[in-house]
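> Before we start, here is the structure in question, set down as structure tokens.
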Amino acid sequence: MLACHLVPAVSATVSGAVMVARPKGTTLHQRVGKLWAVLMLLTALTSFGMTGGPLAIWQGYSVIHLLSVLTLFAIPLGVMAARRQWTTLHRVTMVGLYVALCITGVLALLMKGRFLNGLIF
């Protein structure tokens, strides 16, 4: 299950960096953005298959899973905002999700007791 989660998570991190660095509103932005949205949804969905760890608060689920729930609502909101040309809402939603993805990834690496921390350190 970890690989099914890590592949879209790492891919979303890389494609998100491309989105941040490149000009907005271009065809490339739109295509990579669609890919990024799908990767974020896959990352959120696969997180529910991974439970336990030091942050578990309810039946093996942790505070981090709340970010997954938020992602499942925020991605459609951000896509809708883009389609309606509500650029501020689109930008705030998507940048916020990208920052949350990066912070969560760093925490997964650095937090003692997490699988990735034990694997790398």
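Residues are named by chain letter and number: chains run A, B, ... in the order of the structure tokens, numbers start at 1 in each chain, and ligands are numbered from 1 in the order shown.
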If you count only C-alpha atoms, which residues fall within 10 Å of Met94 (chain A), apart from same-chain ones fewer than 5 positions away, as a PyMOL selection string?

chain A and resi 16+19-20+33+36-37+71+74-75+77-79+82+88-89+99-100

> Pull the helix (DSSP H, G or I) assignments for region 8-108 of chain A out of DSSP run on the backbone, and list those residues as a PyMOL selection string.

chain A and resi 8-21+27-47+63-83+87-108

> From the options A:Arg22, A:Arg91, A:His5, A:Arg114, which residue's atoms come nearest to Leu42 (chain A), counting only C-alpha atoms?

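Between A:Arg22, A:Arg91, A:His5, A:Arg114, the residue approaching Leu42 (chain A) most closely is A:His5.
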
> Which distance in Å separates CA of Cys4 (chain A) and CA of Ala21 (chain A), to one decimal?

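Distance between the two atoms: 26.6 Å.
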
> Write out as a PDB file with all heavy atoms, in the first residue's frame the set of residues from region 3-111 of chain A that DSSP, computed on the backbone, places in strand (DSSP E).


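Just written: selection_24.pdb:
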ATOM      1  N   ALA A  56      -1.660   8.214  15.459  1.00  0.00           N
ATOM      2  CA  ALA A  56      -2.999   7.621  15.396  1.00  0.00           C
ATOM      3  C   ALA A  56      -3.856   8.136  16.545  1.00  0.00           C
ATOM      4  O   ALA A  56      -3.442   8.139  17.703  1.00  0.00           O
ATOM      5  CB  ALA A  56      -2.899   6.105  15.445  1.00  0.00           C
ATOM      6  N   ILE A  57      -5.062   8.586  16.185  1.00  0.00           N
ATOM      7  CA  ILE A  57      -5.961   9.127  17.210  1.00  0.00           C
ATOM      8  C   ILE A  57      -7.305   8.407  17.247  1.00  0.00           C
ATOM      9  O   ILE A  57      -8.003   8.456  18.244  1.00  0.00           O
ATOM     10  CB  ILE A  57      -6.204  10.638  17.006  1.00  0.00           C
ATOM     11  CG1 ILE A  57      -6.722  10.928  15.607  1.00  0.00           C
ATOM     12  CG2 ILE A  57      -4.946  11.431  17.308  1.00  0.00           C
ATOM     13  CD1 ILE A  57      -7.137  12.368  15.362  1.00  0.00           C
ATOM     14  N   TRP A  58      -7.665   7.739  16.145  1.00  0.00           N
ATOM     15  CA  TRP A  58      -8.953   7.058  16.098  1.00  0.00           C
ATOM     16  C   TRP A  58      -8.866   5.881  15.137  1.00  0.00           C
ATOM     17  O   TRP A  58      -8.671   6.072  13.945  1.00  0.00           O
ATOM     18  CB  TRP A  58     -10.053   8.030  15.664  1.00  0.00           C
ATOM     19  CG  TRP A  58     -11.412   7.415  15.591  1.00  0.00           C
ATOM     20  CD1 TRP A  58     -12.208   7.058  16.643  1.00  0.00           C
ATOM     21  CD2 TRP A  58     -12.128   7.064  14.413  1.00  0.00           C
ATOM     22  NE1 TRP A  58     -13.375   6.504  16.178  1.00  0.00           N
ATOM     23  CE2 TRP A  58     -13.357   6.505  14.808  1.00  0.00           C
ATOM     24  CE3 TRP A  58     -11.851   7.168  13.056  1.00  0.00           C
ATOM     25  CZ2 TRP A  58     -14.295   6.047  13.905  1.00  0.00           C
ATOM     26  CZ3 TRP A  58     -12.794   6.713  12.150  1.00  0.00           C
ATOM     27  CH2 TRP A  58     -14.005   6.167  12.580  1.00  0.00           C
ATOM     28  N   TYR A  61      -6.321   5.907  12.443  1.00  0.00           N
ATOM     29  CA  TYR A  61      -6.237   7.106  11.605  1.00  0.00           C
ATOM     30  C   TYR A  61      -5.648   8.255  12.405  1.00  0.00           C
ATOM     31  O   TYR A  61      -5.825   8.347  13.614  1.00  0.00           O
ATOM     32  CB  TYR A  61      -7.616   7.485  11.056  1.00  0.00           C
ATOM     33  CG  TYR A  61      -8.150   6.472  10.085  1.00  0.00           C
ATOM     34  CD1 TYR A  61      -9.112   5.552  10.470  1.00  0.00           C
ATOM     35  CD2 TYR A  61      -7.657   6.412   8.790  1.00  0.00           C
ATOM     36  CE1 TYR A  61      -9.585   4.600   9.587  1.00  0.00           C
ATOM     37  CE2 TYR A  61      -8.121   5.458   7.895  1.00  0.00           C
ATOM     38  CZ  TYR A  61      -9.083   4.558   8.297  1.00  0.00           C
ATOM     39  OH  TYR A  61      -9.539   3.613   7.425  1.00  0.00           O
ATOM     40  N   SER A  62      -4.929   9.131  11.694  1.00  0.00           N
ATOM     41  CA  SER A  62      -4.223  10.212  12.370  1.00  0.00           C
ATOM     42  C   SER A  62      -4.722  11.572  11.891  1.00  0.00           C
ATOM     43  O   SER A  62      -5.567  11.671  11.002  1.00  0.00           O
ATOM     44  CB  SER A  62      -2.718  10.102  12.093  1.00  0.00           C
ATOM     45  OG  SER A  62      -2.459  10.418  10.732  1.00  0.00           O
TER      46      SER A  62
END
